[in-house]
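Here is coords_21.cif, consisting of mmCIF, C-alpha atoms:
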```
data_coords
loop_
_atom_site.label_atom_id
_atom_site.label_comp_id
_atom_site.auth_asym_id
_atom_site.auth_seq_id
_atom_site.Cartn_x
_atom_site.Cartn_y
_atom_site.Cartn_z
CA GLY C 674 -29.67 23.08 6.40
CA ASN C 675 -27.00 21.26 8.30
CA THR C 676 -26.54 18.23 10.54
CA ARG C 677 -23.72 17.35 12.91
CA THR C 678 -23.30 14.04 14.72
CA ILE C 679 -20.62 13.07 17.22
CA THR C 680 -20.32 9.47 18.43
CA LEU C 681 -18.01 8.02 21.06
CA GLY C 682 -17.76 4.31 21.78
CA ALA C 683 -15.82 1.98 24.04
CA GLY C 684 -15.68 -1.76 24.58
CA ILE C 685 -14.61 -3.73 27.65
CA ASP C 686 -13.61 -7.37 27.23
CA VAL C 687 -14.61 -8.74 30.61
CA ALA C 688 -13.22 -12.24 29.97
CA LYS C 689 -9.74 -10.97 29.10
CA ALA C 690 -9.80 -8.48 31.96
CA GLY C 691 -10.65 -11.20 34.47
CA ALA C 692 -7.86 -13.48 33.24
CA THR C 693 -5.33 -10.63 33.18
CA PHE C 694 -5.96 -9.05 36.57
CA ALA C 695 -7.17 -12.04 38.62
CA GLY C 696 -5.22 -14.84 36.98
CA PRO C 697 -6.33 -17.40 34.39
CA SER C 698 -7.14 -20.06 37.02
CA SER C 699 -8.97 -17.80 39.47
CA LEU C 700 -12.70 -17.96 40.22
CA VAL C 701 -13.16 -14.47 38.82
CA ALA C 702 -11.61 -15.51 35.50
CA ARG C 703 -13.77 -18.64 35.29
CA LEU C 704 -16.92 -16.62 35.87
CA ALA C 705 -15.86 -13.74 33.59
CA GLN C 706 -15.50 -16.07 30.61
CA TYR C 707 -19.30 -16.29 30.44
CA VAL C 708 -19.74 -12.51 30.26
CA GLN C 709 -19.90 -10.91 26.83
CA PRO C 710 -17.93 -7.73 26.11
CA ILE C 711 -19.61 -4.58 27.41
CA ASP C 712 -20.14 -2.03 24.64
CA VAL C 713 -20.92 1.58 25.54
CA SER C 714 -21.68 4.31 23.01
CA ALA C 715 -22.79 7.92 23.28
CA THR C 716 -24.12 10.01 20.41
CA ARG C 717 -24.98 13.68 20.29
CA GLY C 718 -26.45 15.40 17.26
CA ILE C 719 -27.75 18.81 16.30
CA LEU C 720 -29.52 19.94 13.13
CA SER C 721 -31.41 22.86 11.66
CA ALA C 722 -33.16 23.86 8.44
CA TYR C 723 -33.87 27.32 6.99
CA ASP C 724 -36.35 28.47 4.39
CA ALA C 725 -36.03 31.67 2.33
CA ALA C 726 -32.81 32.69 4.10
CA SER C 727 -31.74 36.23 3.24
CA GLU C 728 -27.99 35.53 3.43
CA SER C 729 -25.58 32.66 2.94
CA PRO C 730 -24.45 30.88 6.13
CA GLY C 731 -20.99 31.46 7.47
CA LEU C 732 -18.09 29.02 7.35
CA GLY C 733 -18.72 27.91 10.94
CA TYR C 734 -22.26 26.79 10.13
CA GLN C 735 -21.15 25.08 6.92
CA LEU C 736 -18.51 23.05 8.82
CA GLY C 737 -20.85 22.25 11.70
CA ILE C 738 -18.86 24.20 14.28
CA GLY C 739 -20.62 25.65 17.29
CA SER C 740 -23.50 24.88 19.60
CA ILE C 741 -27.21 24.46 19.00
CA ASN C 742 -27.68 28.21 19.48
CA GLY C 743 -25.57 28.84 16.41
CA PHE C 744 -27.71 26.38 14.46
CA ARG C 745 -31.03 27.85 15.60
CA GLU C 746 -30.29 31.41 14.53
CA LEU C 747 -28.24 32.91 11.67
CA ASN C 748 -27.82 36.64 11.22
CA GLY C 749 -30.91 37.35 13.32
CA GLY C 750 -33.11 34.91 11.41
CA LEU C 751 -34.64 31.91 13.16
CA ALA C 752 -34.51 28.42 11.69
CA ASN C 753 -37.75 26.87 10.48
CA SER C 754 -36.86 23.79 12.51
CA ALA C 755 -33.95 22.79 14.71
CA GLY C 756 -33.20 20.03 17.14
CA GLN C 757 -30.66 18.39 19.37
CA SER C 758 -30.52 14.81 20.63
CA SER C 759 -28.42 12.82 23.07
CA GLN C 760 -28.30 9.03 23.14
CA ILE C 761 -26.46 6.54 25.31
CA ALA C 762 -26.51 2.78 24.78
CA VAL C 763 -25.04 -0.08 26.80
CA THR C 764 -24.96 -3.67 25.52
CA SER C 765 -23.74 -6.86 27.17
CA GLY C 766 -24.84 -10.39 27.86
CA LEU C 767 -23.97 -13.91 28.93
CA ASN C 768 -22.64 -16.91 27.01
CA LEU C 769 -23.95 -19.88 28.99
CA PRO C 770 -23.13 -23.58 28.57
CA GLY C 771 -25.24 -25.47 26.10
CA ALA C 772 -24.83 -22.80 23.38
CA ILE C 773 -27.34 -20.48 25.11
CA THR C 774 -26.75 -16.75 24.68
CA PHE C 775 -28.43 -13.88 26.53
CA THR C 776 -27.98 -10.33 25.27
CA ASN C 777 -29.48 -7.21 26.82
CA ARG C 778 -29.38 -3.60 25.67
CA LEU C 779 -30.21 -0.34 27.42
CA GLN C 780 -30.77 2.79 25.38
CA ARG C 781 -31.94 6.25 26.40
CA THR C 782 -32.54 9.11 24.00
CA THR C 783 -33.48 12.68 24.87
CA THR C 784 -34.49 15.22 22.25
CA THR C 785 -35.34 18.89 22.08
CA ASN C 786 -36.93 20.30 18.92
CA TRP C 787 -37.71 23.88 17.97
CA ALA C 788 -40.27 24.87 15.35
CA ARG C 789 -40.85 28.42 14.20
CA ARG C 790 -44.39 29.74 14.68
CA LEU C 791 -43.80 33.44 14.15
CA GLU C 792 -40.93 35.44 12.69
CA SER C 793 -39.43 35.95 16.15
CA ASP C 794 -40.75 32.94 18.08
CA GLN C 795 -39.91 29.23 18.26
CA THR C 796 -41.88 26.61 20.15
CA THR C 797 -40.02 23.88 22.03
CA ILE C 798 -40.95 20.19 22.13
CA ASP C 799 -39.08 17.91 24.57
CA GLY C 800 -38.96 14.15 24.20
CA ASP C 801 -37.53 11.24 26.17
CA GLN C 802 -37.29 7.58 25.13
CA VAL C 803 -36.03 4.60 27.13
CA VAL C 804 -35.56 1.12 25.66
CA PHE C 805 -35.16 -1.41 28.48
CA PRO C 806 -35.19 -4.27 28.66
CA ASP C 807 -34.19 -5.30 25.15
CA LEU C 808 -33.50 -8.92 25.99
CA ASN C 809 -32.56 -11.41 23.31
CA VAL C 810 -32.22 -15.14 23.98
CA ARG C 811 -30.65 -17.47 21.43
CA TRP C 812 -30.04 -21.21 21.51
CA SER C 813 -28.02 -22.81 18.73
CA PRO C 814 -27.28 -26.39 19.79
CA ARG C 815 -24.30 -28.04 18.18
CA GLY C 816 -24.72 -31.27 16.31
CA PRO C 817 -27.81 -33.44 15.69
CA LEU C 818 -30.72 -33.54 18.13
CA PHE C 819 -33.10 -36.29 19.23
CA GLY C 820 -30.87 -39.09 18.01
CA GLY C 821 -30.29 -37.55 14.59
CA VAL C 822 -33.93 -36.80 13.82
CA VAL C 823 -33.00 -33.11 13.62
CA LYS C 824 -29.67 -32.28 11.98
CA ALA C 825 -29.51 -28.68 13.20
CA ALA C 826 -31.75 -26.22 15.02
CA SER C 827 -31.83 -22.62 16.15
CA PHE C 828 -34.18 -20.80 18.53
CA ASN C 829 -34.41 -17.07 19.07
CA GLY C 830 -36.64 -15.01 21.35
CA ARG C 831 -36.78 -11.35 22.26
CA PHE C 832 -38.58 -9.11 24.72
CA LEU C 833 -38.54 -5.39 23.95
CA TYR C 834 -40.07 -2.65 26.07
CA THR C 835 -40.03 0.99 24.95
CA ARG C 836 -41.30 3.98 26.92
CA GLN C 837 -41.55 7.35 25.21
CA SER C 838 -42.79 10.68 26.53
CA LEU C 839 -43.35 13.96 24.74
CA MET C 840 -44.21 17.42 26.06
CA VAL C 841 -45.88 19.75 23.56
CA PRO C 842 -46.38 23.39 24.58
CA ALA C 843 -49.86 24.87 24.42
CA VAL C 844 -50.86 27.03 21.49
CA VAL C 845 -52.94 29.36 23.66
CA ILE C 846 -51.00 31.56 26.06
CA GLY C 847 -51.60 30.53 29.66
CA ALA C 848 -52.82 27.01 28.84
CA GLU C 849 -51.06 23.91 30.16
CA SER C 850 -48.64 21.93 28.05
CA GLU C 851 -49.72 18.60 26.58
CA ASN C 852 -47.99 15.51 27.93
CA ARG C 853 -48.08 12.44 25.72
CA ALA C 854 -46.75 8.97 26.54
CA THR C 855 -46.31 5.79 24.53
CA ARG C 856 -45.50 2.31 25.82
CA VAL C 857 -44.68 -0.52 23.44
CA ARG C 858 -44.08 -4.18 24.26
CA SER C 859 -42.91 -6.67 21.65
CA PHE C 860 -42.42 -10.45 21.87
CA PRO C 861 -40.97 -12.02 18.69
CA LEU C 862 -40.12 -15.76 18.63
CA ASN C 863 -38.39 -17.69 15.84
CA ALA C 864 -37.27 -21.27 15.34
CA SER C 865 -35.60 -23.10 12.46
CA PHE C 866 -34.86 -26.80 11.90
CA THR C 867 -32.85 -28.75 9.37
CA TRP C 868 -34.06 -32.30 8.86
CA PRO C 869 -32.54 -35.27 7.04
CA GLY C 870 -33.07 -35.14 3.32
CA ASP C 871 -32.20 -31.42 3.09
CA LEU C 872 -35.60 -30.42 4.44
CA THR C 873 -35.64 -27.06 6.24
CA THR C 874 -38.47 -25.56 8.26
CA THR C 875 -38.82 -22.20 9.97
CA ALA C 876 -41.59 -20.78 12.13
CA GLY C 877 -42.11 -17.40 13.75
CA TYR C 878 -44.59 -15.60 15.95
CA SER C 879 -44.63 -11.98 17.07
CA TYR C 880 -47.00 -10.12 19.35
CA ARG C 881 -46.89 -6.38 19.90
CA THR C 882 -48.92 -4.11 22.17
CA GLN C 883 -48.95 -0.33 22.21
CA VAL C 884 -50.62 2.16 24.55
CA ASP C 885 -50.76 5.86 23.66
CA SER C 886 -51.85 8.29 26.35
CA LEU C 887 -53.07 11.59 24.92
CA PRO C 888 -54.75 14.52 26.66
CA GLY C 889 -58.32 13.31 27.34
CA SER C 890 -58.02 9.93 25.64
CA ALA C 891 -56.01 6.73 25.38
CA THR C 892 -55.36 4.44 22.43
CA ASN C 893 -54.72 0.72 22.86
CA GLY C 894 -53.58 -1.51 20.06
CA ASN C 895 -52.04 -4.88 19.39
CA ALA C 896 -50.61 -6.68 16.41
CA ALA C 897 -49.94 -10.39 15.93
CA GLU C 898 -47.98 -12.00 13.12
CA THR C 899 -47.44 -15.68 12.36
CA SER C 900 -45.21 -17.17 9.68
CA ALA C 901 -44.08 -20.63 8.61
CA ASP C 902 -41.80 -21.83 5.85
CA VAL C 903 -40.85 -25.24 4.41
CA GLY C 904 -38.10 -25.75 1.85
CA ARG C 905 -36.49 -28.70 0.09
CA ALA C 906 -34.41 -29.42 -2.99
CA PHE C 907 -35.42 -32.34 -5.25
CA ARG C 908 -33.26 -34.21 -7.72
CA LEU C 909 -34.32 -34.09 -11.36
CA PRO C 910 -33.78 -36.84 -13.95
CA ALA C 911 -30.29 -36.67 -15.44
CA ASP C 912 -31.58 -36.93 -19.03
CA TRP C 913 -33.33 -33.56 -18.56
CA GLY C 914 -29.95 -31.89 -18.70
CA PHE C 915 -30.56 -29.37 -15.93
CA LYS C 916 -27.55 -28.05 -14.03
CA SER C 917 -29.15 -28.25 -10.58
CA GLY C 918 -32.00 -29.80 -8.70
CA LEU C 919 -35.41 -28.26 -8.19
CA ARG C 920 -35.39 -25.90 -5.21
CA THR C 921 -38.88 -25.54 -3.73
CA ARG C 922 -40.33 -23.51 -0.90
CA LEU C 923 -43.79 -23.21 0.63
CA GLY C 924 -44.58 -20.28 2.90
CA PHE C 925 -47.46 -18.98 4.98
CA GLN C 926 -47.81 -15.55 6.61
CA GLN C 927 -50.64 -14.01 8.58
CA SER C 928 -50.88 -10.66 10.37
CA HIS C 929 -53.70 -8.98 12.27
CA THR C 930 -53.74 -5.47 13.77
CA LYS C 931 -56.35 -3.93 16.07
CA SER C 932 -56.54 -0.61 17.90
CA TYR C 933 -59.16 1.15 20.04
CA VAL C 934 -59.55 4.68 21.38
CA GLU C 935 -61.00 5.30 24.82
CA ASN C 936 -62.22 8.46 26.53
CA LEU C 937 -60.59 8.84 29.94
CA PHE C 938 -63.82 10.32 31.34
CA ALA C 939 -65.96 7.46 30.01
CA ALA C 940 -63.84 4.38 30.52
CA SER C 941 -66.63 2.00 29.50
CA ASN C 942 -66.95 3.57 26.05
CA ARG C 943 -64.39 2.85 23.38
CA SER C 944 -64.32 2.97 19.60
CA ARG C 945 -62.51 0.70 17.20
CA LEU C 946 -60.00 2.57 15.05
CA THR C 947 -58.43 -0.26 13.04
CA ASP C 948 -59.08 -3.96 12.55
CA ASN C 949 -57.28 -5.24 9.50
CA GLY C 950 -54.88 -7.95 8.45
CA ARG C 951 -53.30 -9.98 5.72
CA GLN C 952 -52.95 -13.66 4.84
CA ALA C 953 -50.60 -15.00 2.21
CA VAL C 954 -49.66 -18.45 0.93
CA THR C 955 -46.73 -18.61 -1.48
CA VAL C 956 -45.13 -21.43 -3.47
CA ASN C 957 -41.80 -21.01 -5.22
CA ALA C 958 -39.69 -23.35 -7.36
CA ASP C 959 -36.54 -22.65 -9.35
CA THR C 960 -33.76 -24.54 -11.10
CA ASP C 961 -30.68 -23.85 -13.23
CA VAL C 962 -31.64 -24.99 -16.70
CA ALA C 963 -28.19 -24.05 -18.05
CA GLU C 964 -24.96 -22.55 -16.80
CA ASN C 965 -26.23 -19.07 -17.62
CA ALA C 966 -30.00 -19.53 -17.27
CA THR C 967 -32.31 -19.93 -14.27
CA PHE C 968 -36.02 -20.69 -14.49
CA SER C 969 -38.37 -19.95 -11.62
CA ILE C 970 -42.10 -20.06 -11.09
CA GLN C 971 -43.99 -18.57 -8.19
CA GLY C 972 -47.59 -18.68 -7.10
CA ALA C 973 -49.24 -16.67 -4.35
CA ARG C 974 -52.69 -16.23 -2.90
CA ILE C 975 -53.03 -13.04 -0.86
CA VAL C 976 -56.03 -11.93 1.17
CA ASN C 977 -56.25 -8.41 2.63
CA PHE C 978 -59.18 -7.65 4.92
CA ASP C 979 -60.42 -4.58 6.76
CA ARG C 980 -63.24 -5.26 9.20
CA ASN C 981 -63.70 -1.59 9.98
CA LEU C 982 -64.68 -0.90 6.37
CA ASN C 983 -66.14 -4.37 5.77
CA ARG C 984 -63.74 -4.88 2.89
CA ARG C 985 -61.91 -7.97 1.63
CA VAL C 986 -59.57 -8.18 -1.37
CA THR C 987 -58.22 -11.50 -2.67
CA GLN C 988 -55.39 -11.79 -5.19
CA THR C 989 -54.01 -14.81 -7.00
CA VAL C 990 -50.65 -14.22 -8.67
CA ILE C 991 -48.65 -16.61 -10.85
CA THR C 992 -45.23 -15.54 -12.12
CA ALA C 993 -42.78 -17.37 -14.37
CA VAL C 994 -39.32 -15.96 -15.05
CA LEU C 995 -36.44 -17.13 -17.24
CA GLN C 996 -33.25 -15.27 -16.36
CA MET C 997 -30.27 -15.46 -18.73
CA GLN C 998 -26.80 -14.00 -18.26
CA PHE C 999 -24.20 -13.40 -20.95
CA PHE C 1000 -20.54 -12.44 -20.73
CA ALA C 1001 -19.29 -10.40 -23.67
CA GLY C 1002 -15.67 -10.21 -22.62
CA ASP C 1003 -13.56 -7.47 -21.10
CA LEU C 1004 -14.27 -3.91 -22.15
CA ARG C 1005 -11.42 -2.13 -23.93
#
```

Kindly present the structure from the file in structure tokens form.
Amino acid sequence: GNTRTITLGAGIDVAKAGATFAGPSSLVARLAQYVQPIDVSATRGILSAYDAASESPGLGYQLGIGSINGFRELNGGLANSAGQSSQIAVTSGLNLPGAITFTNRLQRTTTTNWARRLESDQTTIDGDQVVFPDLNVRWSPRGPLFGGVVKAASFNGRFLYTRQSLMVPAVVIGAESENRATRVRSFPLNASFTWPGDLTTTAGYSYRTQVDSLPGSATNGNAAETSADVGRAFRLPADWGFKSGLRTRLGFQQSHTKSYVENLFAASNRSRLTDNGRQAVTVNADTDVAENATFSIQGARIVNFDRNLNRRVTQTVITAVLQMQFFAGDLR
């Protein structure tokens, strides 16, 4: 088998270009300073794999020279699988006052895959994927907030929309090809705070929906995930002789996934495919008991449930670890 990938990229610094060509004090330069550099990349790849080949490949195939036709066939023998892909991506954004950053990304990928069915026949599967918008918003305010109640904070949000289509040829001669489509939307949100007293908190929420359109049916699903984390370091009595304080962290995580299949000719009837999730509460504490030794203890309670199978599994795990490191000197 062999794989060849060629990537070309370019970047345009809009802020520097505006100051250079329009003048540092011009309106164009003042507006361009808020625009992030525009990054453009293009990637093209081809690959193929052979099984039970009768002869060794030539030097051109070994070095990845040639087109996809040279990858699909060697000495009259067809590849078991072969494919080519083209991808273009454009990324830019805005740096707004108040430490607010917007970043957006556009990506399109087209693929063509060949799979051998008979000794002298390959079937072709065409795919197309578009990712837009891929919008990311970040706010990292400088300095304390709310009169010093919050020492530092960071907020991050994203909206991702992916559309993918696939055309699969029919197995029976004369039948129509199968067209499949997938649409995915994702909304992750995250926030972190640093409070006085070295207390840190983080929280996150993510919601994802997916729709798969297949010949004669459609599948709808969604997944939600919630997480929270609290951490703080405590001072230990000096007569204990420990080399650091006690670093503690409490975390919570919950996820839930559901999906349904629906017959396009009976829209009112649908069946549940999956309905499962996970809940976990973890507690962790560690300290440096010596210069070369760290002691940590962790406890976790994990619940996995599957409502489709009416099944629930609960685990309680407690782990204690003493890690020691030794230096024996330089090897000679």

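From CA of Leu833 in chain C back to CA of Val763 in chain C, the distance works out to 14.8 Å.
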
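Distances to Gln757 in chain C were evaluated for C:Asp712, C:Asp799, C:Asp871, C:Asp794 using all atoms listed in the file, and the minimum falls at C:Asp799.
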
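Here CA of Val687 in chain C and CA of Arg717 in chain C stand 26.8 Å from one another.
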
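Here CA of Ser838 in chain C and CA of Asp801 in chain C stand 5.3 Å from one another.
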
Result set, the PyMOL selection byres ((chain C and resi 931) around 7) on current file, as an MDAnalysis selection string: chainID C and resid 894:896 929:930 932 947:949

If you take all atoms listed in the file and a cut-off of 6 Å, which residues of range 707-767 of chain C touch range 785-791 of chain C, and what are their nearest atom pairs and distances in Å to one decimal, in chain and number order, as a Markdown table?
```
| residue | atom | partner | partner_atom | distance |
| --- | --- | --- | --- | --- |
| C:Asn753 | CA | C:Arg789 | CA | 5.1 |
| C:Ser754 | CA | C:Ala788 | CA | 4.6 |
| C:Ala755 | CA | C:Trp787 | CA | 5.1 |
| C:Gly756 | CA | C:Asn786 | CA | 4.1 |
| C:Gln757 | CA | C:Thr785 | CA | 5.4 |
```

Tell me which protein, DNA and RNA residues are within 8 Å of Ser850 in chain C, counting all atoms listed in the file, leaving out same-chain ones fewer than 3 positions away, and put them as a compact mmCIF listing (two decimals) with C-alpha atoms, in the frame of the given file.
```txt
# COMPACT_ATOMS: atom_id res chain seq x y z
CA MET C 840 -44.21 17.42 26.06
CA VAL C 841 -45.88 19.75 23.56
CA PRO C 842 -46.38 23.39 24.58
CA ALA C 843 -49.86 24.87 24.42
```

Have a look at C:Trp913, C:Phe744, C:Phe775, C:Tyr834 and name the one nearest to Gly674 in chain C; count all atoms listed in the file. C:Phe744

Do a neighbour search on Arg856 in chain C at 7 Å with only C-alpha atoms, toss out local chain neighbours closer than 6 positions, and write the hits as an MDAnalysis selection string. chainID C and resid 835:837 883:885

I need the chosen residues saved as a tab-separated table (two decimals), in the frame of the given file, with C-alpha atoms.
```
chain	number	residue	atom	x	y	z
C	835	THR	CA	-40.03	0.99	24.95
C	836	ARG	CA	-41.30	3.98	26.92
C	837	GLN	CA	-41.55	7.35	25.21
C	883	GLN	CA	-48.95	-0.33	22.21
C	884	VAL	CA	-50.62	2.16	24.55
C	885	ASP	CA	-50.76	5.86	23.66
```

Can you list, as a PyMOL selection string, the residues that the PyMOL selection byres ((chain C and resi 689) around 12) selects here? chain C and resi 684-688+690-697+701-711

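Between Leu779 in chain C and the residues C:Leu720, C:Ala854, C:Ala715, C:Leu751, the shortest atom-to-atom distance, using only C-alpha atoms, involves C:Ala715.
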
I'd like to know which of C:Tyr933, C:Phe915, C:Phe1000, C:Phe925 is closest to Thr967 in chain C, using all atoms listed in the file. C:Phe915

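Contact shell of Ala953 in chain C at 9 Å (all atoms listed in the file; same-chain neighbours under 2 positions omitted): Gly924, Phe925, Gln926, Gln927, Arg951, Thr955, Ala973, Arg974, Ile975, Val976 and Asn977 of chain C.
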
Take the selection from the previous step and output its residues with C-alpha atoms, as a JSON list (two decimals), keeping the file's coordinate frame.
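Listed below is the output, again34.json:
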```json
[["chain", "number", "residue", "atom", "x", "y", "z"],
["C", 924, "GLY", "CA", -44.58, -20.28, 2.90],
["C", 925, "PHE", "CA", -47.46, -18.98, 4.98],
["C", 926, "GLN", "CA", -47.81, -15.55, 6.61],
["C", 927, "GLN", "CA", -50.64, -14.01, 8.58],
["C", 951, "ARG", "CA", -53.30, -9.98, 5.72],
["C", 955, "THR", "CA", -46.73, -18.61, -1.48],
["C", 973, "ALA", "CA", -49.24, -16.67, -4.35],
["C", 974, "ARG", "CA", -52.69, -16.23, -2.90],
["C", 975, "ILE", "CA", -53.03, -13.04, -0.86],
["C", 976, "VAL", "CA", -56.03, -11.93, 1.17],
["C", 977, "ASN", "CA", -56.25, -8.41, 2.63]]
```

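Put simply, the PyMOL selection byres ((chain C and resi 919) around 6) on this file hits Ala906, Phe907, Gly918, Arg920, Asp959 and Thr960 of chain C.
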
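Take the candidates C:Leu923, C:Ala726, C:Val954, C:Ala826 and check each one against Trp868 in chain C using all atoms listed in the file; the shortest distance goes to C:Ala826.
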
When you look at Leu681 in chain C with a cut-off of 12 Å (counting only C-alpha atoms), what residues show up, excluding the ones that are within fewer than 6 positions of it in the same chain? I need them as a PyMOL selection string. chain C and resi 712-718+759-762

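With only C-alpha atoms as the atoms that count, the minimum distance from Thr774 in chain C to the choices C:Gly743, C:Gly750, C:Gly904, C:Gly830 is reached by C:Gly830.
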
Can range 953-960 of chain C be brought up to all heavy atoms and written out as a PDB file, in the frame of the given file?
```
ATOM      1  N   ALA C 953     -51.276 -14.714   3.474  1.00  0.00           N
ATOM      2  CA  ALA C 953     -50.600 -15.000   2.210  1.00  0.00           C
ATOM      3  C   ALA C 953     -50.032 -16.416   2.239  1.00  0.00           C
ATOM      4  O   ALA C 953     -49.420 -16.828   3.225  1.00  0.00           O
ATOM      5  CB  ALA C 953     -49.487 -13.995   1.946  1.00  0.00           C
ATOM      6  N   VAL C 954     -50.256 -17.134   1.149  1.00  0.00           N
ATOM      7  CA  VAL C 954     -49.660 -18.450   0.930  1.00  0.00           C
ATOM      8  C   VAL C 954     -48.868 -18.382  -0.366  1.00  0.00           C
ATOM      9  O   VAL C 954     -49.415 -17.997  -1.413  1.00  0.00           O
ATOM     10  CB  VAL C 954     -50.724 -19.558   0.856  1.00  0.00           C
ATOM     11  CG1 VAL C 954     -50.067 -20.900   0.589  1.00  0.00           C
ATOM     12  CG2 VAL C 954     -51.538 -19.611   2.144  1.00  0.00           C
ATOM     13  N   THR C 955     -47.585 -18.710  -0.299  1.00  0.00           N
ATOM     14  CA  THR C 955     -46.730 -18.610  -1.480  1.00  0.00           C
ATOM     15  C   THR C 955     -46.039 -19.937  -1.741  1.00  0.00           C
ATOM     16  O   THR C 955     -45.673 -20.672  -0.813  1.00  0.00           O
ATOM     17  CB  THR C 955     -45.651 -17.518  -1.288  1.00  0.00           C
ATOM     18  OG1 THR C 955     -44.854 -17.827  -0.132  1.00  0.00           O
ATOM     19  CG2 THR C 955     -46.299 -16.157  -1.095  1.00  0.00           C
ATOM     20  N   VAL C 956     -45.855 -20.236  -3.019  1.00  0.00           N
ATOM     21  CA  VAL C 956     -45.130 -21.430  -3.470  1.00  0.00           C
ATOM     22  C   VAL C 956     -44.112 -20.974  -4.499  1.00  0.00           C
ATOM     23  O   VAL C 956     -44.448 -20.218  -5.425  1.00  0.00           O
ATOM     24  CB  VAL C 956     -46.082 -22.475  -4.082  1.00  0.00           C
ATOM     25  CG1 VAL C 956     -45.296 -23.693  -4.541  1.00  0.00           C
ATOM     26  CG2 VAL C 956     -47.152 -22.870  -3.087  1.00  0.00           C
ATOM     27  N   ASN C 957     -42.869 -21.426  -4.326  1.00  0.00           N
ATOM     28  CA  ASN C 957     -41.800 -21.010  -5.220  1.00  0.00           C
ATOM     29  C   ASN C 957     -40.959 -22.211  -5.600  1.00  0.00           C
ATOM     30  O   ASN C 957     -40.661 -23.068  -4.758  1.00  0.00           O
ATOM     31  CB  ASN C 957     -40.929 -19.935  -4.558  1.00  0.00           C
ATOM     32  CG  ASN C 957     -39.857 -19.416  -5.502  1.00  0.00           C
ATOM     33  OD1 ASN C 957     -40.136 -18.638  -6.400  1.00  0.00           O
ATOM     34  ND2 ASN C 957     -38.622 -19.864  -5.301  1.00  0.00           N
ATOM     35  N   ALA C 958     -40.566 -22.282  -6.860  1.00  0.00           N
ATOM     36  CA  ALA C 958     -39.690 -23.350  -7.360  1.00  0.00           C
ATOM     37  C   ALA C 958     -38.769 -22.759  -8.408  1.00  0.00           C
ATOM     38  O   ALA C 958     -39.202 -21.969  -9.254  1.00  0.00           O
ATOM     39  CB  ALA C 958     -40.506 -24.505  -7.938  1.00  0.00           C
ATOM     40  N   ASP C 959     -37.490 -23.138  -8.350  1.00  0.00           N
ATOM     41  CA  ASP C 959     -36.540 -22.650  -9.350  1.00  0.00           C
ATOM     42  C   ASP C 959     -35.453 -23.685  -9.557  1.00  0.00           C
ATOM     43  O   ASP C 959     -35.170 -24.521  -8.682  1.00  0.00           O
ATOM     44  CB  ASP C 959     -35.925 -21.313  -8.922  1.00  0.00           C
ATOM     45  CG  ASP C 959     -35.073 -21.436  -7.680  1.00  0.00           C
ATOM     46  OD1 ASP C 959     -35.603 -21.311  -6.563  1.00  0.00           O
ATOM     47  OD2 ASP C 959     -33.852 -21.674  -7.825  1.00  0.00           O
ATOM     48  N   THR C 960     -34.833 -23.626 -10.738  1.00  0.00           N
ATOM     49  CA  THR C 960     -33.760 -24.540 -11.100  1.00  0.00           C
ATOM     50  C   THR C 960     -32.871 -23.876 -12.133  1.00  0.00           C
ATOM     51  O   THR C 960     -33.305 -22.958 -12.850  1.00  0.00           O
ATOM     52  CB  THR C 960     -34.326 -25.864 -11.654  1.00  0.00           C
ATOM     53  OG1 THR C 960     -33.250 -26.763 -11.925  1.00  0.00           O
ATOM     54  CG2 THR C 960     -35.107 -25.635 -12.933  1.00  0.00           C
TER      55      THR C 960
END
```
